[in-house]
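Coordinates from data.cif are shown below (mmCIF, C-alpha atoms and all ligand atoms).
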data_protein
loop_
_atom_site.label_atom_id
_atom_site.label_comp_id
_atom_site.auth_asym_id
_atom_site.auth_seq_id
_atom_site.Cartn_x
_atom_site.Cartn_y
_atom_site.Cartn_z
CA MET D 303 0.00 0.00 0.00
CA ARG D 304 1.15 3.52 -0.78
CA GLY D 305 3.41 4.95 1.89
CA THR D 306 3.71 1.71 3.86
CA ARG D 307 6.54 -0.81 3.88
CA ASP D 308 7.40 -4.29 5.06
CA LEU D 309 10.58 -4.37 7.10
CA LEU D 310 12.58 -7.54 6.59
CA PRO D 311 15.79 -9.00 7.96
CA PRO D 312 18.54 -7.93 8.00
CA GLU D 313 17.15 -4.38 8.19
CA THR D 314 14.98 -5.25 11.20
CA ALA D 315 18.18 -5.95 13.14
CA LEU D 316 19.15 -2.31 12.60
CA TRP D 317 15.73 -1.19 13.90
CA ASN D 318 16.21 -3.32 16.98
CA ARG D 319 19.69 -1.95 17.56
CA ILE D 320 18.47 1.65 17.34
CA GLU D 321 15.64 0.96 19.76
CA ALA D 322 17.99 -0.77 22.20
CA VAL D 323 20.41 2.19 22.16
CA ALA D 324 17.50 4.62 22.63
CA ARG D 325 16.12 2.64 25.58
CA SER D 326 19.51 2.51 27.24
CA VAL D 327 20.01 6.27 26.88
CA PHE D 328 16.47 7.00 28.16
CA GLU D 329 17.13 4.77 31.14
CA ARG D 330 20.31 6.65 32.05
CA TYR D 331 18.37 9.91 31.99
CA ASN D 332 15.74 8.25 34.17
CA PHE D 333 12.85 8.15 31.70
CA GLY D 334 10.18 5.43 31.82
CA GLU D 335 8.25 3.99 28.88
CA ILE D 336 4.65 4.87 28.06
CA ARG D 337 2.49 3.06 25.49
CA THR D 338 -0.68 4.82 24.41
CA PRO D 339 -3.36 3.52 21.99
CA ILE D 340 -2.75 3.76 18.26
CA PHE D 341 -6.12 5.46 17.76
CA GLU D 342 -7.70 8.21 19.80
CA ASP D 343 -10.72 10.47 19.76
CA THR D 344 -10.37 12.82 16.76
CA ALA D 345 -11.10 15.82 18.98
CA LEU D 346 -7.88 15.19 20.93
CA PHE D 347 -5.76 15.96 17.87
CA ALA D 348 -8.02 18.75 16.64
CA ARG D 349 -7.69 20.54 19.98
CA GLY D 350 -4.18 19.41 20.88
CA VAL D 351 -2.29 19.66 17.59
CA GLY D 352 -4.44 22.47 16.16
CA GLU D 353 -7.18 22.65 13.50
CA GLU D 354 -5.11 24.77 11.13
CA THR D 355 -2.01 22.60 11.12
CA ASP D 356 -1.14 20.52 8.05
CA ILE D 357 -1.48 17.40 10.17
CA VAL D 358 -5.06 18.01 11.29
CA SER D 359 -6.32 19.81 8.20
CA LYS D 360 -5.18 17.26 5.65
CA GLU D 361 -3.05 14.39 6.92
CA MET D 362 -5.12 12.43 9.44
CA TYR D 363 -6.74 9.03 8.95
CA THR D 364 -10.14 9.55 10.50
CA TRP D 365 -13.28 7.44 10.46
CA GLU D 366 -16.66 7.24 12.04
CA ASP D 367 -16.81 4.47 14.60
CA ARG D 368 -20.43 3.41 14.72
CA ALA D 369 -22.07 2.56 18.01
CA ARG D 370 -22.64 -1.19 18.42
CA ALA D 371 -24.96 -0.94 21.39
CA GLN D 372 -27.47 1.45 22.86
CA SER D 373 -25.03 2.28 25.62
CA GLU D 374 -22.38 3.42 23.14
CA LYS D 375 -22.31 6.51 21.03
CA THR D 376 -20.98 6.87 17.52
CA GLN D 377 -17.71 8.76 17.58
CA MET D 378 -14.97 10.02 15.32
CA LEU D 379 -11.64 8.25 15.74
CA THR D 380 -8.20 8.98 14.28
CA LEU D 381 -5.01 6.96 13.85
CA ARG D 382 -2.48 8.93 15.87
CA PRO D 383 -0.43 11.27 13.64
CA GLU D 384 1.92 12.03 16.54
CA ASN D 385 2.24 10.90 20.15
CA THR D 386 2.51 14.01 22.34
CA ALA D 387 -1.25 14.62 22.47
CA GLY D 388 -1.80 10.98 23.52
CA VAL D 389 0.85 11.21 26.24
CA VAL D 390 -0.63 14.41 27.64
CA ARG D 391 -4.13 12.88 27.51
CA ALA D 392 -2.82 9.93 29.53
CA TYR D 393 -1.07 12.33 31.95
CA ILE D 394 -4.44 14.01 32.57
CA GLU D 395 -6.48 10.81 32.66
CA HIS D 396 -4.22 9.09 35.21
CA LYS D 397 -3.74 12.29 37.23
CA LEU D 398 0.03 11.87 36.96
CA GLY D 399 0.47 15.51 38.01
CA GLU D 400 -0.84 14.72 41.48
CA SER D 401 2.38 12.92 42.35
CA GLY D 402 3.99 16.37 42.41
CA GLN D 403 6.93 14.88 40.49
CA LEU D 404 8.09 15.58 36.98
CA GLN D 405 6.93 12.85 34.61
CA LYS D 406 9.68 11.73 32.23
CA LEU D 407 8.14 9.44 29.62
CA TYR D 408 9.38 7.98 26.36
CA TYR D 409 7.60 6.10 23.58
CA ILE D 410 8.54 4.14 20.49
CA GLY D 411 5.89 3.30 17.93
CA PRO D 412 4.05 3.82 14.65
CA GLN D 413 2.37 7.09 13.63
CA PHE D 414 0.13 7.72 10.62
CA ARG D 415 -0.14 10.68 8.25
CA ARG D 416 -1.66 10.81 4.79
CA GLU D 417 1.25 12.55 3.07
CA ARG D 418 2.68 12.27 -0.41
CA PRO D 419 5.09 9.34 -0.02
CA GLN D 420 8.72 9.91 -0.95
CA LYS D 421 12.12 9.01 0.40
CA GLY D 422 12.02 9.52 4.17
CA ARG D 423 8.30 10.33 4.12
CA TYR D 424 5.80 7.53 4.63
CA ARG D 425 2.15 7.16 5.62
CA GLN D 426 3.01 4.78 8.42
CA PHE D 427 6.28 5.69 10.07
CA SER D 428 7.80 5.18 13.47
CA GLN D 429 8.77 7.77 16.02
CA ILE D 430 10.97 7.59 19.08
CA GLY D 431 10.02 10.40 21.41
CA ALA D 432 10.06 11.61 24.97
CA GLU D 433 8.23 14.13 27.12
CA VAL D 434 9.09 15.89 30.38
CA ILE D 435 5.87 17.19 31.92
CA GLY D 436 4.60 18.17 35.35
CA PRO D 437 3.13 20.89 37.53
CA PRO D 438 5.13 24.14 37.57
CA HIS D 439 6.18 23.61 41.20
CA ALA D 440 7.96 20.41 40.11
CA GLY D 441 10.25 22.53 37.92
CA SER D 442 8.64 21.70 34.57
CA GLU D 443 9.19 25.22 33.24
CA SER D 444 12.87 25.41 34.12
CA PRO D 445 15.23 26.08 31.20
CA VAL D 446 17.38 23.34 32.73
CA ARG D 447 14.78 20.84 31.47
CA ASP D 448 15.10 22.17 27.90
CA ALA D 449 18.87 21.97 28.02
CA GLU D 450 18.80 18.49 29.54
CA VAL D 451 16.52 17.16 26.79
CA LEU D 452 18.75 18.69 24.10
CA GLU D 453 21.90 17.33 25.71
CA MET D 454 20.26 13.88 25.92
CA LEU D 455 19.48 14.03 22.20
CA ALA D 456 23.06 14.96 21.35
CA THR D 457 24.18 11.95 23.39
CA LEU D 458 21.62 9.66 21.77
CA LEU D 459 22.61 10.63 18.22
CA ASP D 460 26.30 10.27 19.06
CA GLU D 461 25.73 6.82 20.58
CA LEU D 462 23.76 5.76 17.53
CA GLY D 463 26.81 6.66 15.44
CA ILE D 464 25.08 9.56 13.67
CA GLY D 465 27.94 12.04 13.37
CA GLY D 466 27.56 15.36 11.64
CA TRP D 467 24.13 16.44 12.93
CA THR D 468 23.10 20.07 13.26
CA LEU D 469 20.95 21.45 16.09
CA LYS D 470 18.84 24.52 15.42
CA ILE D 471 16.91 26.20 18.21
CA ASN D 472 14.57 29.16 18.55
CA SER D 473 11.97 30.56 20.90
CA VAL D 474 8.42 31.04 19.63
CA GLY D 475 7.46 32.86 22.82
CA SER D 476 4.74 32.36 25.38
CA ALA D 477 1.03 32.14 24.71
CA GLN D 478 0.95 35.92 25.24
CA ASP D 479 3.91 36.70 22.94
CA ARG D 480 2.71 34.66 20.01
CA PRO D 481 -0.54 36.48 19.13
CA LYS D 482 1.44 39.76 19.32
CA TYR D 483 4.02 38.44 16.88
CA ILE D 484 1.37 36.96 14.59
CA GLU D 485 -0.26 40.41 14.35
CA THR D 486 3.11 42.02 13.54
CA LEU D 487 3.77 39.31 10.98
CA LYS D 488 0.35 39.68 9.36
CA ALA D 489 0.87 43.42 9.03
CA ALA D 490 4.30 42.89 7.44
CA LEU D 491 2.94 40.19 5.12
CA ALA D 492 -0.04 42.20 3.86
CA PRO D 493 1.86 44.30 1.29
CA VAL D 494 4.13 41.46 0.05
CA VAL D 495 2.09 38.26 0.24
CA GLY D 496 0.71 38.81 -3.28
CA GLN D 497 4.20 38.10 -4.67
CA MET D 498 4.59 34.86 -2.70
CA CYS D 499 3.77 31.22 -3.52
CA GLY D 500 0.24 29.86 -3.29
CA ASP D 501 0.96 27.98 -0.07
CA CYS D 502 2.22 31.16 1.58
CA GLN D 503 -0.86 33.06 0.46
CA ARG D 504 -3.00 30.41 2.14
CA ARG D 505 -0.81 30.28 5.26
CA ALA D 506 -0.81 34.06 5.60
CA GLU D 507 -4.56 33.71 6.20
CA THR D 508 -4.76 30.51 8.24
CA ASN D 509 -1.41 30.11 10.01
CA PRO D 510 1.01 32.99 9.27
CA LEU D 511 3.85 31.47 11.33
CA ARG D 512 4.11 28.69 8.77
CA VAL D 513 5.16 31.22 6.13
CA LEU D 514 8.58 31.16 7.84
CA ASP D 515 8.84 27.46 6.91
CA CYS D 516 8.44 28.04 3.19
CA LYS D 517 11.17 26.43 1.07
CA VAL D 518 10.29 28.10 -2.27
CA ALA D 519 13.46 29.86 -3.48
CA GLU D 520 11.75 33.01 -4.83
CA ASP D 521 10.07 33.63 -1.46
CA GLN D 522 13.29 33.56 0.57
CA PRO D 523 14.34 37.23 0.18
CA ILE D 524 10.83 38.30 1.20
CA ILE D 525 10.84 36.05 4.24
CA ASP D 526 14.28 37.21 5.30
CA GLY D 527 12.90 40.74 5.41
CA LEU D 528 9.98 39.86 7.73
CA PRO D 529 10.09 40.84 11.42
CA ARG D 530 11.74 38.31 13.74
CA ILE D 531 9.87 36.62 16.55
CA ALA D 532 12.82 37.31 18.89
CA ASP D 533 11.85 41.00 18.81
CA SER D 534 8.30 40.25 20.00
CA LEU D 535 9.23 38.19 23.05
CA ASP D 536 8.53 39.56 26.52
CA GLU D 537 11.29 39.78 29.12
CA ALA D 538 10.43 36.43 30.73
CA SER D 539 10.54 34.55 27.41
CA LYS D 540 13.79 36.27 26.45
CA ALA D 541 15.36 35.35 29.79
CA HIS D 542 14.14 31.75 29.48
CA PHE D 543 15.67 31.38 26.03
CA ALA D 544 18.93 32.99 27.14
CA ALA D 545 19.11 30.53 30.05
CA VAL D 546 18.58 27.55 27.70
CA CYS D 547 21.39 28.83 25.46
CA ALA D 548 23.71 29.41 28.44
CA ALA D 549 23.08 25.88 29.74
CA LEU D 550 23.80 24.42 26.30
CA ASP D 551 27.00 26.46 26.05
CA ALA D 552 28.07 25.16 29.45
CA SER D 553 27.36 21.55 28.49
CA GLY D 554 29.27 21.88 25.22
CA VAL D 555 26.38 20.97 22.91
CA PRO D 556 26.82 22.91 19.64
CA TYR D 557 23.74 24.68 18.21
CA THR D 558 22.68 27.59 16.05
CA HIS D 559 19.87 30.06 16.69
CA ASP D 560 17.50 29.86 13.71
CA HIS D 561 15.03 32.76 13.79
CA ARG D 562 12.75 31.03 11.31
CA LEU D 563 12.29 27.75 13.17
CA VAL D 564 8.63 27.75 14.22
CA ARG D 565 7.60 24.11 13.72
CA GLY D 566 4.28 22.91 12.43
CA LEU D 567 2.28 22.15 15.55
CA ASP D 568 0.20 24.77 17.31
CA TYR D 569 1.00 23.61 20.81
CA TYR D 570 4.59 24.80 20.89
CA THR D 571 5.56 27.69 23.18
CA ARG D 572 8.98 29.15 23.94
CA THR D 573 11.79 26.71 23.02
CA THR D 574 11.55 24.92 19.67
CA PHE D 575 14.28 22.84 18.10
CA GLU D 576 15.20 20.56 15.24
CA PHE D 577 18.11 18.23 14.57
CA THR D 578 18.93 17.85 10.89
CA HIS D 579 21.37 15.72 8.93
CA GLY D 580 22.89 16.45 5.54
CA GLY D 581 22.71 12.82 4.43
CA LEU D 582 18.91 12.87 4.21
CA GLY D 583 18.35 15.17 1.23
CA ALA D 584 15.04 17.04 1.13
CA GLN D 585 13.55 15.34 4.19
CA ASN D 586 16.49 16.43 6.30
CA ALA D 587 14.80 16.70 9.72
CA LEU D 588 15.80 13.82 11.96
CA LEU D 589 13.71 15.06 14.81
CA GLY D 590 11.79 18.04 16.07
CA GLY D 591 10.42 19.21 19.34
CA GLY D 592 9.81 21.97 21.77
CA ARG D 593 7.98 23.25 24.78
CA TYR D 594 4.19 22.97 25.06
CA ASP D 595 3.35 24.84 28.25
CA GLY D 596 -0.35 25.24 27.42
CA LEU D 597 -1.16 21.86 25.84
CA SER D 598 -2.58 20.15 28.93
CA GLU D 599 -4.96 23.04 29.57
CA ALA D 600 -5.95 23.15 25.89
CA ILE D 601 -7.23 19.59 26.15
CA GLY D 602 -8.98 20.06 29.48
CA GLY D 603 -6.24 19.22 31.98
CA PRO D 604 -4.46 21.05 34.78
CA LYS D 605 -1.57 23.45 34.21
CA ALA D 606 1.28 21.15 33.18
CA PRO D 607 4.11 22.73 31.23
CA GLY D 608 6.28 20.31 29.34
CA ILE D 609 8.93 19.80 26.70
CA GLY D 610 9.47 16.91 24.33
CA PHE D 611 10.61 15.73 20.93
CA ALA D 612 9.79 13.16 18.28
CA MET D 613 12.48 11.52 16.20
CA GLY D 614 11.73 9.85 12.88
CA GLU D 615 13.04 6.32 13.25
CA ASP D 616 12.76 5.65 9.50
CA ARG D 617 15.00 8.66 8.86
CA LEU D 618 17.50 7.52 11.49
CA ILE D 619 17.77 4.24 9.60
CA LEU D 620 18.23 6.01 6.26
CA THR D 621 20.95 8.20 7.77
CA LEU D 622 22.79 5.25 9.28
CA GLN D 623 22.61 3.34 6.01
CA ALA D 624 23.96 6.35 4.10
CA LEU D 625 26.81 6.73 6.58
CA GLU D 626 27.64 3.01 6.29
CA GLN D 627 27.62 3.30 2.52
CA ALA D 628 29.91 6.34 2.56
CA LYS D 629 32.33 4.49 4.82
CA ALA D 630 32.33 1.44 2.57
CA GLU D 631 33.37 3.70 -0.29
CA LEU D 632 36.44 5.08 1.49
CA ALA D 633 39.92 4.23 0.29
CA HIS D 634 42.16 2.44 2.80
CA ALA D 635 44.81 5.10 2.76
CA TYR D 636 45.77 8.51 1.48
CA ILE D 637 49.49 8.87 0.96
CA ALA D 638 50.73 12.36 1.73
CA PRO D 639 54.29 13.12 0.60
CA LEU D 640 55.72 15.88 2.80
CA GLY D 641 57.30 18.07 0.15
CA GLU D 642 57.99 17.78 -3.59
CA GLY D 643 61.11 15.75 -2.82
CA GLN D 644 58.97 12.87 -1.60
CA ASN D 645 56.68 12.59 -4.64
CA ALA D 646 58.69 9.81 -6.26
CA ALA D 647 58.94 7.80 -3.05
CA ALA D 648 55.21 8.25 -2.51
CA LEU D 649 54.41 6.96 -5.99
CA LYS D 650 56.65 3.97 -5.35
CA LEU D 651 54.89 3.22 -2.05
CA ALA D 652 51.45 3.64 -3.65
CA ARG D 653 52.39 1.23 -6.43
CA LYS D 654 53.55 -1.37 -3.95
CA LEU D 655 50.44 -1.07 -1.78
CA ARG D 656 48.06 -1.13 -4.75
CA ARG D 657 49.70 -4.27 -6.10
CA ASP D 658 48.97 -5.82 -2.73
CA GLY D 659 45.29 -4.99 -3.03
CA VAL D 660 45.20 -1.85 -0.92
CA ARG D 661 42.89 0.94 -2.12
CA VAL D 662 45.12 4.02 -2.21
CA GLU D 663 44.64 7.70 -2.97
CA LEU D 664 47.86 9.53 -3.75
CA GLY D 665 48.51 13.15 -2.83
CA ASP D 666 51.43 15.28 -3.95
CA GLY D 667 54.08 17.26 -2.13
CA SER D 668 52.82 20.69 -3.14
CA PHE D 669 50.01 20.34 -0.59
CA ARG D 670 50.42 21.86 2.80
CA LEU D 671 49.93 19.32 5.55
CA LYS D 672 46.65 20.81 6.74
CA LYS D 673 45.21 20.76 3.23
CA SER D 674 46.30 17.16 2.67
CA PHE D 675 44.75 16.31 5.95
CA GLU D 676 41.37 17.72 4.99
CA ALA D 677 41.46 16.08 1.58
CA ALA D 678 42.43 12.72 3.07
CA ASP D 679 39.74 12.78 5.74
CA LYS D 680 37.05 12.84 3.05
CA VAL D 681 38.31 10.01 0.88
CA ALA D 682 40.29 7.60 3.06
CA ARG D 683 40.24 5.86 6.41
CA ALA D 684 43.87 6.70 7.15
CA MET D 685 46.62 9.02 6.03
CA VAL D 686 50.18 7.78 5.54
CA LEU D 687 52.74 10.54 6.05
CA LEU D 688 55.86 10.23 3.97
CA GLY D 689 58.66 12.61 4.92
CA GLU D 690 62.41 12.31 4.65
CA ASP D 691 62.67 10.48 7.99
CA GLU D 692 60.03 7.97 7.01
CA ALA D 693 61.57 7.33 3.58
CA GLN D 694 64.94 6.64 5.19
CA SER D 695 63.83 4.54 8.16
CA GLY D 696 60.99 2.64 6.43
CA ILE D 697 58.86 3.40 9.51
CA LEU D 698 55.78 5.32 8.42
CA THR D 699 53.51 7.60 10.38
CA VAL D 700 49.86 6.59 9.98
CA LYS D 701 46.98 8.73 11.16
CA VAL D 702 43.74 6.75 11.60
CA PHE D 703 40.72 9.04 11.18
CA ALA D 704 38.12 6.96 13.00
CA THR D 705 40.08 7.07 16.25
CA GLY D 706 42.20 10.18 15.68
CA THR D 707 45.31 8.25 16.69
CA GLN D 708 48.75 8.48 15.09
CA THR D 709 50.83 5.29 14.94
CA LYS D 710 54.27 4.29 13.66
CA VAL D 711 54.01 1.32 11.29
CA ALA D 712 56.91 -0.49 9.61
CA GLU D 713 56.59 -0.61 5.81
CA ALA D 714 56.50 -4.38 5.86
CA GLU D 715 53.42 -4.32 8.09
CA LEU D 716 51.63 -1.54 6.29
CA VAL D 717 49.41 -3.72 4.08
CA ALA D 718 48.07 -5.71 7.01
CA PHE D 719 47.62 -2.60 9.11
CA LEU D 720 45.69 -0.66 6.45
CA THR D 721 43.46 -3.49 5.24
CA GLY D 722 42.66 -4.34 8.85
CA LEU D 723 41.16 -0.92 9.55
CA ALA D 724 37.43 -1.03 10.15
CA GLY D 725 35.28 1.14 7.85
P1 LIG K 801 8.70 17.37 8.11
O1 LIG K 801 9.07 18.80 8.08
O2 LIG K 801 9.79 16.48 7.64
O3 LIG K 801 7.37 17.08 7.49
P2 LIG K 801 7.34 17.49 10.62
O4 LIG K 801 7.56 18.87 11.07
O5 LIG K 801 6.05 17.11 10.01
O6 LIG K 801 8.53 17.02 9.66
P3 LIG K 801 7.14 16.34 13.26
O7 LIG K 801 5.67 16.30 13.23
O8 LIG K 801 7.80 17.27 14.17
O9 LIG K 801 7.71 16.51 11.80
O10 LIG K 801 7.70 14.87 13.53
C1 LIG K 801 9.00 14.66 14.08
C2 LIG K 801 9.85 13.79 13.18
O11 LIG K 801 9.11 12.67 12.71
C3 LIG K 801 10.32 14.47 11.92
O12 LIG K 801 11.47 15.23 12.18
C4 LIG K 801 10.64 13.29 11.03
O13 LIG K 801 11.91 12.74 11.32
C5 LIG K 801 9.59 12.29 11.42
N1 LIG K 801 8.48 12.31 10.45
C6 LIG K 801 7.45 13.19 10.36
N2 LIG K 801 6.62 12.86 9.36
C7 LIG K 801 7.13 11.74 8.78
C8 LIG K 801 6.73 10.88 7.70
N3 LIG K 801 5.61 11.10 7.01
N4 LIG K 801 7.51 9.83 7.41
C9 LIG K 801 8.64 9.58 8.12
N5 LIG K 801 9.07 10.32 9.14
C10 LIG K 801 8.32 11.39 9.49
MG MG K 802 5.35 17.07 8.05
#
Take the structure from the file and write it as structure tokens.
Amino acid sequence: MRGTRDLLPPETALWNRIEAVARSVFERYNFGEIRTPIFEDTALFARGVGEETDIVSKEMYTWEDRARAQSEKTQMLTLRPENTAGVVRAYIEHKLGESGQLQKLYYIGPQFRRERPQKGRYRQFSQIGAEVIGPPHAGSESPVRDAEVLEMLATLLDELGIGGWTLKINSVGSAQDRPKYIETLKAALAPVVGQMCGDCQRRAETNPLRVLDCKVAEDQPIIDGLPRIADSLDEASKAHFAAVCAALDASGVPYTHDHRLVRGLDYYTRTTFEFTHGGLGAQNALLGGGRYDGLSEAIGGPKAPGIGFAMGEDRLILTLQALEQAKAELAHAYIAPLGEGQNAAALKLARKLRRDGVRVELGDGSFRLKKSFEAADKVARAMVLLGEDEAQSGILTVKVFATGTQTKVAEAELVAFLTGLAG
């Protein structure tokens, strides 16, 4: 069926490995697992996610569930398009807030959206997500929670072996800031929206924040000229965001402040974030999340600020497979002659190694060391340095990129050493 897939071995082993790593990280951060139903009352998503969002307005699988007995009533049900609304519904239903403790919950499971299927975008897909939610007196609004969730995600991606991710964060302000900004944005859009794409013209009416998400090239200069949400935040929201950034700086998690990151769900307030990866192409978001301080109240619960994220498991798999593939394509070694005088010796060494089945990329002595280094890192697993000392002694210096270590290897052992390097 369109947008669905069967997962077969050996790929299922990769899914299991990812889930095992995620569970072990969640456990270390003291999260517990929650499993909510795969379908819920349609009204939960309409109120929780927001009527005007893409998800609710066009992507949900909804049907009328007819009453089978007098005691039942016919109701509208929906396959869950995301899991945060379900978690918050469960939080309210089981009165988890009454414990006075922060609830730290994670989930792993299928979600359903009727989207146009393409690489990394399916109609049934799996998310790994987590939520930190509780009454304000339990510390649920603290910027420390935001920073802790982001630091946990950096750890999780690193432990999964997904190097090279980018973290973008922003603040979309409190429930009071947002309407103010939306008015400012509407006013700024009015004179220019006629020149924008059809989607933007629609969004300007229904959900102006989403204009900032537009990817159409011609619209970009117009969007860059629109007022920034950062300038509409009140002092408390500004201070909250500054504290999140300071905590991230202190923990050493790299990030960039993206003024246009607003995310597609209505429930977000203050911190929003996204982790992306270059290996994914157009669907480059690995995960997204943010704060939802008003969500519980919006669906009839007590005040329960929270923050969470949802990670696309399918996209994690695609990223890991792409990284594996790139590694498999690397040469064993890049030979870097240190100076023009070593070019001949380097060619001789390359010839010898290649005849022994080693995949070799050959540099030349006009390169500066730093430049050779950068070139080598992209195409090979290791770099063999060939200077005058090495040529004379027959003991070569080998830098292994995966570990960052530098080792002395005798020429006679070089073939075994290089071909033994893991991808
Ligand atoms: P996108 O901009 O890619 O449509 P989104 O803003 O709709 O993402 P969220 O609702 O925040 O995404 O979901 C969080 C994550 O779930 C996304 O970052 C992505 O990795 C994954 N995801 C969302 N929709 C799909 C889908 N149809 N197929 C596969 N993964 C998805
Ligand atoms: Mg989407």
* Asked: Which one of D:Leu487, D:Val717, D:Leu567, D:Met378 sits closest to Arg657 in chain D if you count all atoms listed in the file?
  -> D:Val717
Kindly assemble as a Markdown table a list of the chain D residues that lie within 10 Å of ligand MG 802 (chain K), each paired with its nearest atom pair and their distance in Å to one decimal, using only C-alpha atoms and all ligand atoms, sorted first by chain and then by ascending residue number.
| residue | atom | partner | partner_atom | distance |
| --- | --- | --- | --- | --- |
| D:Thr355 | CA | K:MG802 | MG | 9.7 |
| D:Asp356 | CA | K:MG802 | MG | 7.4 |
| D:Ile357 | CA | K:MG802 | MG | 7.2 |
| D:Glu361 | CA | K:MG802 | MG | 8.9 |
| D:Pro383 | CA | K:MG802 | MG | 9.9 |
| D:Arg415 | CA | K:MG802 | MG | 8.4 |
| D:Arg416 | CA | K:MG802 | MG | 9.9 |
| D:Glu417 | CA | K:MG802 | MG | 7.9 |
| D:Arg423 | CA | K:MG802 | MG | 8.3 |
| D:Arg565 | CA | K:MG802 | MG | 9.3 |
| D:Gly566 | CA | K:MG802 | MG | 7.4 |
| D:Leu567 | CA | K:MG802 | MG | 9.6 |
| D:Gln585 | CA | K:MG802 | MG | 9.2 |
| D:Ala587 | CA | K:MG802 | MG | 9.6 |
Return as an mmCIF file with C-alpha atoms, keeping the file's coordinate frame every polymer residue, whether protein, DNA or RNA, with at least one atom no more than 10 Å from an atom of ligand LIG 801 (chain K); count all atoms listed in the file.
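This went into selection26.cif:
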data_model
loop_
_atom_site.group_PDB
_atom_site.id
_atom_site.type_symbol
_atom_site.label_atom_id
_atom_site.label_comp_id
_atom_site.auth_asym_id
_atom_site.auth_seq_id
_atom_site.Cartn_x
_atom_site.Cartn_y
_atom_site.Cartn_z
ATOM 1 C CA GLY D 305 3.410 4.950 1.890
ATOM 2 C CA THR D 306 3.710 1.710 3.860
ATOM 3 C CA VAL D 351 -2.290 19.660 17.590
ATOM 4 C CA THR D 355 -2.010 22.600 11.120
ATOM 5 C CA ASP D 356 -1.140 20.520 8.050
ATOM 6 C CA ILE D 357 -1.480 17.400 10.170
ATOM 7 C CA GLU D 361 -3.050 14.390 6.920
ATOM 8 C CA PRO D 383 -0.430 11.270 13.640
ATOM 9 C CA GLU D 384 1.920 12.030 16.540
ATOM 10 C CA ASN D 385 2.240 10.900 20.150
ATOM 11 C CA THR D 386 2.510 14.010 22.340
ATOM 12 C CA PRO D 412 4.050 3.820 14.650
ATOM 13 C CA GLN D 413 2.370 7.090 13.630
ATOM 14 C CA PHE D 414 0.130 7.720 10.620
ATOM 15 C CA ARG D 415 -0.140 10.680 8.250
ATOM 16 C CA ARG D 416 -1.660 10.810 4.790
ATOM 17 C CA GLU D 417 1.250 12.550 3.070
ATOM 18 C CA ARG D 418 2.680 12.270 -0.410
ATOM 19 C CA PRO D 419 5.090 9.340 -0.020
ATOM 20 C CA GLN D 420 8.720 9.910 -0.950
ATOM 21 C CA LYS D 421 12.120 9.010 0.400
ATOM 22 C CA GLY D 422 12.020 9.520 4.170
ATOM 23 C CA ARG D 423 8.300 10.330 4.120
ATOM 24 C CA TYR D 424 5.800 7.530 4.630
ATOM 25 C CA ARG D 425 2.150 7.160 5.620
ATOM 26 C CA GLN D 426 3.010 4.780 8.420
ATOM 27 C CA PHE D 427 6.280 5.690 10.070
ATOM 28 C CA SER D 428 7.800 5.180 13.470
ATOM 29 C CA GLN D 429 8.770 7.770 16.020
ATOM 30 C CA ILE D 430 10.970 7.590 19.080
ATOM 31 C CA GLY D 431 10.020 10.400 21.410
ATOM 32 C CA ASP D 515 8.840 27.460 6.910
ATOM 33 C CA VAL D 564 8.630 27.750 14.220
ATOM 34 C CA ARG D 565 7.600 24.110 13.720
ATOM 35 C CA GLY D 566 4.280 22.910 12.430
ATOM 36 C CA LEU D 567 2.280 22.150 15.550
ATOM 37 C CA PHE D 575 14.280 22.840 18.100
ATOM 38 C CA GLU D 576 15.200 20.560 15.240
ATOM 39 C CA PHE D 577 18.110 18.230 14.570
ATOM 40 C CA THR D 578 18.930 17.850 10.890
ATOM 41 C CA LEU D 582 18.910 12.870 4.210
ATOM 42 C CA ALA D 584 15.040 17.040 1.130
ATOM 43 C CA GLN D 585 13.550 15.340 4.190
ATOM 44 C CA ASN D 586 16.490 16.430 6.300
ATOM 45 C CA ALA D 587 14.800 16.700 9.720
ATOM 46 C CA LEU D 588 15.800 13.820 11.960
ATOM 47 C CA LEU D 589 13.710 15.060 14.810
ATOM 48 C CA GLY D 590 11.790 18.040 16.070
ATOM 49 C CA GLY D 591 10.420 19.210 19.340
ATOM 50 C CA GLY D 592 9.810 21.970 21.770
ATOM 51 C CA PHE D 611 10.610 15.730 20.930
ATOM 52 C CA ALA D 612 9.790 13.160 18.280
ATOM 53 C CA MET D 613 12.480 11.520 16.200
ATOM 54 C CA GLY D 614 11.730 9.850 12.880
ATOM 55 C CA GLU D 615 13.040 6.320 13.250
ATOM 56 C CA ASP D 616 12.760 5.650 9.500
ATOM 57 C CA ARG D 617 15.000 8.660 8.860
ATOM 58 C CA LEU D 618 17.500 7.520 11.490
#
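Nearest residue to Val546 in chain D, choosing from D:Leu452, D:Leu528, D:Leu671, D:Ala600 and counting only C-alpha atoms: D:Leu452.
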* Suppose you want the space between CA of Thr344 in chain D and CA of His396 in chain D; what is it in Å? ->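 The value is 19.8 Å.
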* Asked: Quick one: residues within 8 Å of Lys406 in chain D, only C-alpha atoms counted, chain neighbours fewer than 4 positions away excluded, as JSON, numbers by chain?
  -> {"D": [332, 333, 334, 432, 433, 434, 435]}
* Provide the CA of Gly610 in chain D to CA of Thr508 in chain D distance in Å, to one decimal place. =>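 Separation between CA of Gly610 in chain D and CA of Thr508 in chain D: 25.4 Å.
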* Between CA of Ile524 in chain D and CA of Asn509 in chain D, distance in Å (one decimal) ->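 CA of Asn509 in chain D lies 17.2 Å from CA of Ile524 in chain D.
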